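Single-structure report; data block below.
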Amino acid sequence: MSLTDNCGRPLLNLRISITQRCNNQCAYCHREGEVQRANRSAEKMTPEEIVHIAKVAVGLGISRVKLTGGEPLMRKDLPEIVAGIAGVPGLRDLSLTTNGLLLGGGMAKKLRESGLRRVNISLPSLIPETYRKLTGGKVENALAGVEAAIEAGFYPVKLNTVVLKDVNVGDVPDLIEYAAKTGTILQLIELDPINVSNKYYSAHHRSLEEQEQMLKEKAVQVEKRPFMHNRQIYRLPNVTVEVVKPIENREFCMHCTRMRVTSDGKLKPCLMRNDNLTDILTPIRQGASDEKLKELFVKANTLREPYNKSD
Ligand code: SAM
């Protein structure tokens, strides 16, 4: 049995931000909607605390956990965090979103052995200059990360591409081809306005209608993921492409099944808001019982509401 909010939306997913540190500086980054702390170098939550939160969540029917950040691989103790969460009875899915830069050198394999089953890798472009301009990093390192993930046996490996007007829209066909060639799934993501300036947003936001039209024409099958924002999945003859369209999309919000945990241990009901957070880390440190921690989740769940509301 899962918790359901006041709009009837089940709570099935937990997205835990485990650090604010990152080795890329993506121009478009929403930073999971978090306010950036002055001192980002010290981690706020220990592996035990992160696993504890996940355990309480799973006890309430949340069966899917995603680790994010910042860049989760900046934490040396990531394998420990993964192993702890993967071992929680009742968990059905544990995944990681990463820029992939540090997946090489045996790390992908180590995470696979720790119990991670799948990864999403941010890949805004295949063109070195565009990738560097957008992220500050080297695309060859990200691609080495994709290869390492595939080799380690993660399945599926998804490639996350935030599509930006006048920057990487033209790269989409090559990214589709790359996904087909590598057996990965491409996710095309509409730019979210959070933590980016109005100027950046208006210069680079672009609806994904054109891409969807092209995908519709090529698809042999189109599906929806009702528990993942009702997002569309286009199955082309040789590749799958998912389209994530959060902007002014009531369907997207009505099918949101997520709660977030900020990197400093606060339950965050919505990416777009910071005015309704519930501190869970302090009670953990004060020795609160799991029943008390469950109550905090229940309270945070009552604060969940669609950002884009239905009439
Ligand atoms: N560093 C990790 C990474 O690159 O995946 C995890 C953090 S990143 C914030 C998590 C995901 O958010 C990535 O897939 C990224 O593409 C997506 N993302 C970042 N900024 C975004 C924005 N403004 N709008 C939509 N998606 C965004």
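For the structure tokens, the naming scheme is as follows: chains receive sequential letters (A, B, ...) according to their order of presentation, residues are indexed from 1 within each chain, and ligands are indexed from 1 in presentation order.
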
query = How would you write, as a ChimeraX atom specification, the set of residues no farther than 8 Å from ligand 1 when counting only C-alpha atoms and all ligand atoms?
reply = /A:22,24,26,28-32,67-72,96-100,120-124,159-162,189-196

Would you mind exporting N, CA, C and O atoms of the selected residues as a CSV table (one decimal), in the first residue's frame?
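File result07.csv, as written:
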chain,number,residue,atom,x,y,z
A,22,CYS,N,29.7,19.2,-7.8
A,22,CYS,CA,29.6,18.6,-9.2
A,22,CYS,C,30.9,18.9,-9.9
A,22,CYS,O,31.5,20.0,-9.6
A,24,ASN,N,30.9,19.1,-13.3
A,24,ASN,CA,30.5,19.9,-14.4
A,24,ASN,C,29.8,21.1,-14.0
A,24,ASN,O,29.4,21.2,-12.8
A,26,CYS,N,26.9,22.8,-15.7
A,26,CYS,CA,25.9,22.8,-16.8
A,26,CYS,C,25.2,24.2,-16.7
A,26,CYS,O,24.6,24.5,-15.7
A,28,TYR,N,22.5,25.0,-17.8
A,28,TYR,CA,21.0,24.9,-17.7
A,28,TYR,C,20.6,24.2,-16.4
A,28,TYR,O,19.4,24.0,-16.2
A,29,CYS,N,21.5,23.9,-15.5
A,29,CYS,CA,21.2,23.0,-14.4
A,29,CYS,C,20.1,23.5,-13.4
A,29,CYS,O,20.3,24.6,-12.9
A,30,HIS,N,19.1,22.7,-13.2
A,30,HIS,CA,18.1,23.1,-12.2
A,30,HIS,C,18.5,22.8,-10.8
A,30,HIS,O,17.8,23.1,-9.8
A,31,ARG,N,19.6,22.0,-10.6
A,31,ARG,CA,20.2,21.6,-9.3
A,31,ARG,C,19.1,21.0,-8.4
A,31,ARG,O,19.0,21.2,-7.2
A,32,GLU,N,18.2,20.2,-9.1
A,32,GLU,CA,17.1,19.5,-8.4
A,32,GLU,C,16.3,20.5,-7.6
A,32,GLU,O,15.6,20.1,-6.6
A,67,LEU,N,19.1,8.2,-7.1
A,67,LEU,CA,20.2,9.0,-6.5
A,67,LEU,C,20.6,10.1,-7.5
A,67,LEU,O,20.8,9.8,-8.7
A,68,THR,N,20.7,11.3,-7.0
A,68,THR,CA,21.0,12.5,-7.9
A,68,THR,C,21.8,13.5,-7.1
A,68,THR,O,22.3,13.2,-6.0
A,69,GLY,N,22.0,14.7,-7.6
A,69,GLY,CA,22.8,15.7,-6.9
A,69,GLY,C,22.6,17.0,-7.6
A,69,GLY,O,21.6,17.3,-8.2
A,70,GLY,N,23.6,17.8,-7.7
A,70,GLY,CA,25.0,17.6,-7.8
A,70,GLY,C,25.4,16.3,-8.6
A,70,GLY,O,24.5,15.8,-9.2
A,71,GLU,N,26.6,16.0,-8.5
A,71,GLU,CA,27.1,14.7,-9.1
A,71,GLU,C,27.3,13.7,-8.1
A,71,GLU,O,28.2,13.7,-7.3
A,72,PRO,N,26.4,12.6,-8.1
A,72,PRO,CA,26.5,11.6,-7.1
A,72,PRO,C,27.9,10.9,-7.0
A,72,PRO,O,28.4,10.5,-6.0
A,96,LEU,N,20.5,5.7,-10.7
A,96,LEU,CA,21.4,6.8,-10.5
A,96,LEU,C,21.3,7.8,-11.7
A,96,LEU,O,21.3,7.3,-12.8
A,97,THR,N,21.3,9.1,-11.4
A,97,THR,CA,21.5,10.0,-12.6
A,97,THR,C,22.8,10.7,-12.4
A,97,THR,O,23.2,11.1,-11.3
A,98,THR,N,23.6,10.6,-13.5
A,98,THR,CA,25.0,11.1,-13.4
A,98,THR,C,25.4,11.7,-14.7
A,98,THR,O,24.8,11.4,-15.7
A,99,ASN,N,26.5,12.5,-14.6
A,99,ASN,CA,27.1,13.0,-15.9
A,99,ASN,C,28.0,11.9,-16.5
A,99,ASN,O,28.5,12.1,-17.6
A,100,GLY,N,28.3,10.9,-15.8
A,100,GLY,CA,29.0,9.7,-16.3
A,100,GLY,C,30.5,9.9,-16.3
A,100,GLY,O,31.3,9.0,-16.6
A,120,ASN,N,21.1,6.7,-15.6
A,120,ASN,CA,20.8,7.7,-16.6
A,120,ASN,C,22.0,8.6,-16.7
A,120,ASN,O,22.5,9.0,-15.6
A,121,ILE,N,22.4,8.8,-17.9
A,121,ILE,CA,23.7,9.6,-18.1
A,121,ILE,C,23.3,10.9,-18.9
A,121,ILE,O,22.7,10.8,-19.9
A,122,SER,N,23.7,12.0,-18.3
A,122,SER,CA,23.4,13.3,-19.0
A,122,SER,C,24.3,13.4,-20.2
A,122,SER,O,25.5,13.3,-20.1
A,123,LEU,N,23.7,13.7,-21.3
A,123,LEU,CA,24.4,13.9,-22.5
A,123,LEU,C,23.8,14.9,-23.4
A,123,LEU,O,23.0,14.6,-24.3
A,124,PRO,N,24.1,16.2,-23.2
A,124,PRO,CA,23.4,17.2,-24.0
A,124,PRO,C,23.9,17.3,-25.4
A,124,PRO,O,23.2,18.0,-26.2
A,159,LEU,N,20.1,8.0,-21.8
A,159,LEU,CA,20.8,9.2,-22.0
A,159,LEU,C,19.9,10.4,-21.9
A,159,LEU,O,18.8,10.4,-22.5
A,160,ASN,N,20.2,11.3,-21.0
A,160,ASN,CA,19.3,12.5,-20.7
A,160,ASN,C,19.8,13.7,-21.5
A,160,ASN,O,20.9,14.2,-21.2
A,161,THR,N,19.0,14.2,-22.4
A,161,THR,CA,19.4,15.4,-23.1
A,161,THR,C,18.4,16.5,-22.9
A,161,THR,O,17.2,16.4,-23.3
A,162,VAL,N,18.8,17.5,-22.2
A,162,VAL,CA,17.9,18.7,-22.1
A,162,VAL,C,18.1,19.5,-23.5
A,162,VAL,O,19.2,19.8,-23.9
A,189,ILE,N,14.5,16.1,-22.9
A,189,ILE,CA,13.9,16.8,-21.8
A,189,ILE,C,13.7,18.2,-22.1
A,189,ILE,O,14.7,18.9,-22.5
A,190,GLU,N,12.5,18.7,-21.8
A,190,GLU,CA,12.3,20.2,-22.0
A,190,GLU,C,12.9,20.9,-20.8
A,190,GLU,O,12.9,20.5,-19.7
A,191,LEU,N,13.5,22.1,-21.1
A,191,LEU,CA,14.2,22.9,-20.1
A,191,LEU,C,13.2,23.4,-19.1
A,191,LEU,O,12.1,24.0,-19.4
A,192,ASP,N,13.5,23.1,-17.8
A,192,ASP,CA,12.7,23.6,-16.6
A,192,ASP,C,13.3,25.0,-16.2
A,192,ASP,O,14.5,25.2,-16.2
A,193,PRO,N,12.4,25.9,-15.8
A,193,PRO,CA,12.9,27.2,-15.5
A,193,PRO,C,13.6,27.4,-14.2
A,193,PRO,O,14.1,28.4,-13.9
A,194,ILE,N,13.5,26.3,-13.3
A,194,ILE,CA,14.0,26.5,-12.0
A,194,ILE,C,15.6,26.6,-11.9
A,194,ILE,O,16.3,25.9,-12.6
A,195,ASN,N,16.0,27.6,-11.1
A,195,ASN,CA,17.5,27.8,-10.9
A,195,ASN,C,18.2,28.3,-12.2
A,195,ASN,O,19.4,28.2,-12.2
A,196,VAL,N,17.5,28.6,-13.2
A,196,VAL,CA,18.1,29.3,-14.4
A,196,VAL,C,17.5,30.7,-14.5
A,196,VAL,O,16.4,30.9,-14.1

What's the 8 Å shell around Val119 (chain A), counting only C-alpha atoms, without same-chain residues fewer than 5 positions away, as a short mmCIF file (atom, residue, chain, number, x, y, z; two decimals) with N, CA and C atoms, in the first residue's frame?
data_model
loop_
_atom_site.label_atom_id
_atom_site.label_comp_id
_atom_site.auth_asym_id
_atom_site.auth_seq_id
_atom_site.Cartn_x
_atom_site.Cartn_y
_atom_site.Cartn_z
N SER A 95 18.16 3.53 -8.99
CA SER A 95 18.89 4.04 -10.15
C SER A 95 19.67 5.29 -9.77
N LEU A 96 20.46 5.72 -10.73
CA LEU A 96 21.38 6.84 -10.49
C LEU A 96 21.34 7.76 -11.69
N THR A 97 21.30 9.06 -11.44
CA THR A 97 21.49 9.97 -12.57
C THR A 97 22.83 10.66 -12.39
N THR A 98 23.63 10.64 -13.46
CA THR A 98 25.02 11.05 -13.38
C THR A 98 25.44 11.70 -14.69
N ALA A 149 29.23 2.03 -18.49
CA ALA A 149 27.92 1.63 -17.93
C ALA A 149 27.37 0.42 -18.68
N PHE A 154 24.65 -2.42 -16.79
CA PHE A 154 23.46 -1.65 -16.41
C PHE A 154 22.43 -1.75 -17.52
N TYR A 155 21.16 -1.90 -17.13
CA TYR A 155 20.12 -1.98 -18.14
C TYR A 155 18.79 -1.50 -17.57
N PRO A 156 18.13 -0.53 -18.24
CA PRO A 156 18.67 0.15 -19.42
C PRO A 156 19.66 1.23 -19.01
N VAL A 157 20.49 1.64 -19.96
CA VAL A 157 21.25 2.87 -19.81
C VAL A 157 20.46 3.93 -20.57
N LYS A 158 20.09 5.00 -19.86
CA LYS A 158 19.34 6.07 -20.51
C LYS A 158 20.23 7.29 -20.66
#

What are the closest atom pairs, with distances in Å to one decimal, for each residue of region 277-304 of chain A lying within 8 Å of region 41-63 of chain A, using only C-alpha atoms, rows by chain and rising residue number, as JSON lines?
{"residue": "A:Leu281", "atom": "CA", "partner": "A:Glu49", "partner_atom": "CA", "distance": 7.4}
{"residue": "A:Ile284", "atom": "CA", "partner": "A:Glu49", "partner_atom": "CA", "distance": 7.5}
{"residue": "A:Asp290", "atom": "CA", "partner": "A:Val56", "partner_atom": "CA", "distance": 6.6}
{"residue": "A:Leu293", "atom": "CA", "partner": "A:Val56", "partner_atom": "CA", "distance": 7.0}
{"residue": "A:Lys294", "atom": "CA", "partner": "A:Val56", "partner_atom": "CA", "distance": 6.3}
{"residue": "A:Phe297", "atom": "CA", "partner": "A:Ala57", "partner_atom": "CA", "distance": 7.5}

request  = Write out as a PyMOL selection string which residues come within 7 Å of region 264-271 of chain A when counting only C-alpha atoms, dropping same-chain ones fewer than 5 positions away.
outcome  = chain A and resi 32-33+44-45+259+276-281+300-301+303-304

message = If you run DSSP on the backbone here, which positions in region 51-297 of chain A get strand (DSSP E)? Please write them as a VMD selection string.
response = chain A and resid 64 to 68 93 to 98 118 to 122 157 to 163 185 to 190 221 to 225 231 to 235 240 to 244 258 to 261 266 to 268 278 to 279

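Taking CA of Leu175 (chain A) as the reference point, CA of Phe252 (chain A) is found at 24.2 Å.
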
ask   = Could you pull the residues within 7 Å of region 137-146 of chain A, counting only C-alpha atoms, minus those fewer than 6 positions along the same chain, as a list in words?
value = Asn24, Asn99, Gly100, Leu101, Leu102, Leu103, Gly104, Leu126, Pro128 and Tyr131 of chain A

Only C-alpha atoms, please: the residues just picked out, written as an mmCIF file, in the first residue's frame.
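Below is the file that was written, selection.cif:
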data_model
loop_
_atom_site.group_PDB
_atom_site.id
_atom_site.type_symbol
_atom_site.label_atom_id
_atom_site.label_comp_id
_atom_site.auth_asym_id
_atom_site.auth_seq_id
_atom_site.Cartn_x
_atom_site.Cartn_y
_atom_site.Cartn_z
ATOM 1 C CA ASN A 24 30.484 19.858 -14.446
ATOM 2 C CA ASN A 99 27.052 12.976 -15.899
ATOM 3 C CA GLY A 100 29.009 9.742 -16.337
ATOM 4 C CA LEU A 101 32.426 11.398 -16.199
ATOM 5 C CA LEU A 102 33.606 9.233 -13.296
ATOM 6 C CA LEU A 103 31.999 5.946 -14.308
ATOM 7 C CA GLY A 104 35.204 4.706 -15.949
ATOM 8 C CA LEU A 126 27.917 14.576 -28.947
ATOM 9 C CA PRO A 128 32.896 18.282 -28.213
ATOM 10 C CA TYR A 131 29.284 19.719 -24.825
#

Pick from A:Leu11, A:Leu91, A:Ala179, A:Ala203 nearest to Phe227 (chain A), counting only C-alpha atoms =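 Result for the nearest residue to Phe227 (chain A): A:Leu11.
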
note = From CA of Ile16 (chain A) to CA of Lys110 (chain A) the spacing works out at 20.2 Å

request  = Grab the CA of Val82 (chain A) to CA of Leu116 (chain A) distance for me, in Å with one decimal place.
outcome  = 6.4 Å

key: Nearby residues (only C-alpha atoms) at most 9 Å from region 215-221 of chain A, same-chain spacing under 6 positions excluded, as a PyMOL selection string   = chain A and resi 233-237+240-241

Among region 175-252 of chain A, which ones does DSSP place in helix (DSSP H, G or I), written as a compact mmCIF listing (two decimals) with all heavy atoms, in the first residue's frame?
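Once everything was written out, this is result-v1.txt:
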# COMPACT_ATOMS: atom_id res chain seq x y z
N LEU A 175 21.99 12.17 -31.75
CA LEU A 175 21.83 11.52 -30.44
C LEU A 175 20.93 10.29 -30.57
O LEU A 175 21.17 9.26 -29.93
CB LEU A 175 21.27 12.52 -29.42
CG LEU A 175 22.31 13.52 -28.90
CD1 LEU A 175 21.65 14.78 -28.37
CD2 LEU A 175 23.17 12.87 -27.81
N ILE A 176 19.90 10.40 -31.42
CA ILE A 176 19.01 9.24 -31.64
C ILE A 176 19.83 8.11 -32.27
O ILE A 176 19.74 6.95 -31.86
CB ILE A 176 17.81 9.63 -32.53
CG1 ILE A 176 16.90 10.63 -31.78
CG2 ILE A 176 17.02 8.39 -32.95
CD1 ILE A 176 15.71 11.13 -32.57
N GLU A 177 20.65 8.48 -33.23
CA GLU A 177 21.47 7.47 -33.91
C GLU A 177 22.46 6.83 -32.93
O GLU A 177 22.66 5.61 -32.94
CB GLU A 177 22.22 8.15 -35.05
CG GLU A 177 22.60 7.20 -36.16
CD GLU A 177 23.35 7.95 -37.25
OE1 GLU A 177 22.80 8.93 -37.77
OE2 GLU A 177 24.51 7.55 -37.52
N TYR A 178 23.03 7.66 -32.08
CA TYR A 178 24.00 7.15 -31.09
C TYR A 178 23.29 6.19 -30.11
O TYR A 178 23.83 5.13 -29.77
CB TYR A 178 24.62 8.33 -30.34
CG TYR A 178 25.56 7.91 -29.23
CD1 TYR A 178 26.82 7.38 -29.52
CD2 TYR A 178 25.17 8.02 -27.89
CE1 TYR A 178 27.68 6.99 -28.49
CE2 TYR A 178 26.02 7.63 -26.86
CZ TYR A 178 27.27 7.12 -27.17
OH TYR A 178 28.11 6.72 -26.15
N ALA A 179 22.09 6.56 -29.71
CA ALA A 179 21.33 5.69 -28.79
C ALA A 179 21.04 4.36 -29.47
O ALA A 179 21.17 3.29 -28.86
CB ALA A 179 20.04 6.38 -28.35
N ALA A 180 20.67 4.42 -30.76
CA ALA A 180 20.38 3.18 -31.50
C ALA A 180 21.63 2.31 -31.57
O ALA A 180 21.60 1.11 -31.32
CB ALA A 180 19.87 3.52 -32.91
N LYS A 181 22.73 2.95 -31.86
CA LYS A 181 24.01 2.23 -32.03
C LYS A 181 24.47 1.58 -30.72
O LYS A 181 25.00 0.47 -30.71
CB LYS A 181 25.07 3.23 -32.51
CG LYS A 181 26.30 2.60 -33.10
CD LYS A 181 27.25 3.66 -33.62
CE LYS A 181 28.04 4.27 -32.48
NZ LYS A 181 28.89 5.40 -32.81
N THR A 182 24.23 2.26 -29.62
CA THR A 182 24.74 1.77 -28.34
C THR A 182 23.70 0.94 -27.56
O THR A 182 24.00 0.42 -26.48
CB THR A 182 25.18 2.95 -27.44
OG1 THR A 182 24.12 3.90 -27.39
CG2 THR A 182 26.43 3.61 -27.96
N ASN A 198 15.78 34.11 -15.95
CA ASN A 198 14.70 34.33 -16.92
C ASN A 198 15.29 34.53 -18.31
O ASN A 198 14.73 34.08 -19.31
CB ASN A 198 13.90 35.60 -16.55
CG ASN A 198 13.07 35.34 -15.30
OD1 ASN A 198 12.87 34.19 -14.91
ND2 ASN A 198 12.63 36.41 -14.66
N LYS A 199 16.43 35.21 -18.32
CA LYS A 199 17.07 35.51 -19.61
C LYS A 199 17.48 34.20 -20.31
O LYS A 199 17.22 34.01 -21.50
CB LYS A 199 18.30 36.40 -19.35
CG LYS A 199 18.88 36.99 -20.58
CD LYS A 199 19.91 38.04 -20.21
CE LYS A 199 20.80 38.29 -21.43
NZ LYS A 199 22.19 38.43 -21.11
N TYR A 200 18.11 33.31 -19.52
CA TYR A 200 18.56 32.03 -20.10
C TYR A 200 17.36 31.22 -20.57
O TYR A 200 17.36 30.67 -21.66
CB TYR A 200 19.36 31.23 -19.06
CG TYR A 200 20.05 30.03 -19.67
CD1 TYR A 200 21.33 30.13 -20.19
CD2 TYR A 200 19.40 28.79 -19.74
CE1 TYR A 200 21.95 29.04 -20.78
CE2 TYR A 200 20.02 27.70 -20.32
CZ TYR A 200 21.31 27.82 -20.83
OH TYR A 200 21.90 26.74 -21.42
N TYR A 201 16.34 31.22 -19.71
CA TYR A 201 15.15 30.42 -20.05
C TYR A 201 14.50 30.93 -21.34
O TYR A 201 14.21 30.16 -22.25
CB TYR A 201 14.15 30.46 -18.89
CG TYR A 201 12.95 29.57 -19.12
CD1 TYR A 201 13.07 28.20 -19.08
CD2 TYR A 201 11.70 30.13 -19.41
CE1 TYR A 201 11.97 27.38 -19.31
CE2 TYR A 201 10.61 29.32 -19.63
CZ TYR A 201 10.75 27.94 -19.58
OH TYR A 201 9.67 27.13 -19.82
N SER A 202 14.30 32.26 -21.43
CA SER A 202 13.61 32.72 -22.64
C SER A 202 14.50 32.56 -23.88
O SER A 202 13.99 32.35 -24.97
CB SER A 202 13.05 34.14 -22.50
OG SER A 202 13.99 34.95 -21.91
N ALA A 203 15.80 32.60 -23.69
CA ALA A 203 16.67 32.42 -24.86
C ALA A 203 16.71 30.95 -25.31
O ALA A 203 16.85 30.67 -26.49
CB ALA A 203 18.09 32.89 -24.53
N HIS A 204 16.57 30.02 -24.37
CA HIS A 204 16.85 28.62 -24.72
C HIS A 204 15.70 27.63 -24.52
O HIS A 204 15.83 26.47 -24.91
CB HIS A 204 18.08 28.13 -23.95
CG HIS A 204 19.31 28.91 -24.30
ND1 HIS A 204 19.81 28.96 -25.58
CD2 HIS A 204 20.11 29.71 -23.56
CE1 HIS A 204 20.88 29.74 -25.60
NE2 HIS A 204 21.07 30.20 -24.38
N GLU A 209 7.61 19.96 -29.30
CA GLU A 209 6.57 19.54 -30.25
C GLU A 209 7.13 19.03 -31.57
O GLU A 209 6.68 18.01 -32.09
CB GLU A 209 5.62 20.71 -30.53
CG GLU A 209 4.32 20.58 -29.77
CD GLU A 209 3.53 21.85 -29.79
OE1 GLU A 209 3.33 22.37 -30.89
OE2 GLU A 209 3.14 22.31 -28.70
N GLU A 210 8.10 19.78 -32.07
CA GLU A 210 8.68 19.39 -33.37
C GLU A 210 9.32 18.00 -33.29
O GLU A 210 9.14 17.17 -34.16
CB GLU A 210 9.75 20.42 -33.72
CG GLU A 210 9.87 20.71 -35.20
CD GLU A 210 10.90 21.82 -35.37
OE1 GLU A 210 10.57 22.99 -35.06
OE2 GLU A 210 12.03 21.50 -35.75
N GLN A 211 10.06 17.78 -32.19
CA GLN A 211 10.72 16.48 -32.02
C GLN A 211 9.67 15.38 -31.88
O GLN A 211 9.81 14.30 -32.44
CB GLN A 211 11.61 16.48 -30.77
CG GLN A 211 12.95 17.15 -30.93
CD GLN A 211 12.83 18.65 -31.02
OE1 GLN A 211 11.93 19.24 -30.47
NE2 GLN A 211 13.75 19.26 -31.75
N GLU A 212 8.60 15.69 -31.15
CA GLU A 212 7.56 14.67 -30.96
C GLU A 212 6.89 14.33 -32.28
O GLU A 212 6.58 13.16 -32.53
CB GLU A 212 6.51 15.18 -29.96
CG GLU A 212 6.97 15.02 -28.54
CD GLU A 212 5.80 14.79 -27.59
OE1 GLU A 212 5.09 15.77 -27.31
OE2 GLU A 212 5.61 13.65 -27.15
N GLN A 213 6.67 15.34 -33.09
CA GLN A 213 6.04 15.11 -34.39
C GLN A 213 6.91 14.16 -35.21
O GLN A 213 6.43 13.18 -35.78
CB GLN A 213 5.85 16.46 -35.10
CG GLN A 213 4.91 16.42 -36.29
CD GLN A 213 3.59 15.71 -35.98
OE1 GLN A 213 2.98 15.92 -34.93
NE2 GLN A 213 3.18 14.81 -36.88
N MET A 214 8.20 14.44 -35.23
CA MET A 214 9.14 13.61 -35.99
C MET A 214 9.14 12.18 -35.44
O MET A 214 9.11 11.21 -36.19
CB MET A 214 10.53 14.26 -35.87
CG MET A 214 11.69 13.53 -36.48
SD MET A 214 12.50 12.42 -35.33
CE MET A 214 13.29 13.53 -34.18
N LEU A 215 9.10 12.07 -34.10
CA LEU A 215 9.13 10.74 -33.48
C LEU A 215 7.84 9.97 -33.79
O LEU A 215 7.87 8.76 -34.06
CB LEU A 215 9.32 10.87 -31.96
CG LEU A 215 10.70 11.38 -31.52
CD1 LEU A 215 10.69 11.75 -30.04
CD2 LEU A 215 11.77 10.32 -31.80
N LYS A 216 6.71 10.69 -33.76
CA LYS A 216 5.41 10.06 -34.06
C LYS A 216 5.43 9.45 -35.44
O LYS A 216 4.95 8.34 -35.66
CB LYS A 216 4.30 11.12 -34.02
CG LYS A 216 3.45 11.06 -32.78
CD LYS A 216 2.40 12.14 -32.78
CE LYS A 216 2.22 12.64 -31.36
NZ LYS A 216 1.70 13.98 -31.25
N GLU A 217 6.01 10.18 -36.37
CA GLU A 217 6.04 9.70 -37.76
C GLU A 217 6.89 8.45 -37.91
O GLU A 217 6.61 7.58 -38.72
CB GLU A 217 6.56 10.81 -38.69
CG GLU A 217 5.50 11.87 -38.95
CD GLU A 217 6.08 13.17 -39.51
OE1 GLU A 217 7.21 13.14 -40.03
OE2 GLU A 217 5.38 14.20 -39.40
N LYS A 218 7.95 8.37 -37.09
CA LYS A 218 8.86 7.22 -37.24
C LYS A 218 8.51 6.05 -36.33
O LYS A 218 9.02 4.94 -36.54
CB LYS A 218 10.29 7.67 -36.90
CG LYS A 218 10.83 8.68 -37.90
CD LYS A 218 12.29 8.92 -37.64
CE LYS A 218 12.85 9.82 -38.74
NZ LYS A 218 14.17 10.30 -38.43
N ARG A 250 -0.32 20.05 -17.30
CA ARG A 250 -1.12 19.54 -16.18
C ARG A 250 -1.03 18.01 -16.09
O ARG A 250 -1.01 17.46 -15.01
CB ARG A 250 -2.58 19.94 -16.36
CG ARG A 250 -2.78 21.41 -16.21
CD ARG A 250 -4.19 21.74 -16.56
NE ARG A 250 -4.35 23.19 -16.61
CZ ARG A 250 -5.36 23.79 -17.17
NH1 ARG A 250 -6.31 23.09 -17.74
NH2 ARG A 250 -5.44 25.10 -17.17
N GLU A 251 -1.01 17.39 -17.26
CA GLU A 251 -0.88 15.93 -17.30
C GLU A 251 0.37 15.48 -16.56
O GLU A 251 0.36 14.52 -15.81
CB GLU A 251 -0.73 15.47 -18.76
CG GLU A 251 -2.02 15.35 -19.51
CD GLU A 251 -2.71 14.04 -19.18
OE1 GLU A 251 -2.19 13.00 -19.58
OE2 GLU A 251 -3.74 14.09 -18.50
N PHE A 252 1.47 16.19 -16.83
CA PHE A 252 2.77 15.87 -16.22
C PHE A 252 2.64 15.90 -14.69
O PHE A 252 3.00 14.96 -14.00
CB PHE A 252 3.80 16.90 -16.70
CG PHE A 252 5.20 16.65 -16.21
CD1 PHE A 252 6.08 15.89 -16.95
CD2 PHE A 252 5.66 17.19 -15.01
CE1 PHE A 252 7.38 15.67 -16.52
CE2 PHE A 252 6.94 16.97 -14.56
CZ PHE A 252 7.81 16.21 -15.32

inquiry  = Just checking: using only C-alpha atoms, which residue out of A:Asp275, A:Val244, A:Thr135, A:Lys224 ends up closest to Leu186 (chain A)?
reply    = A:Val244
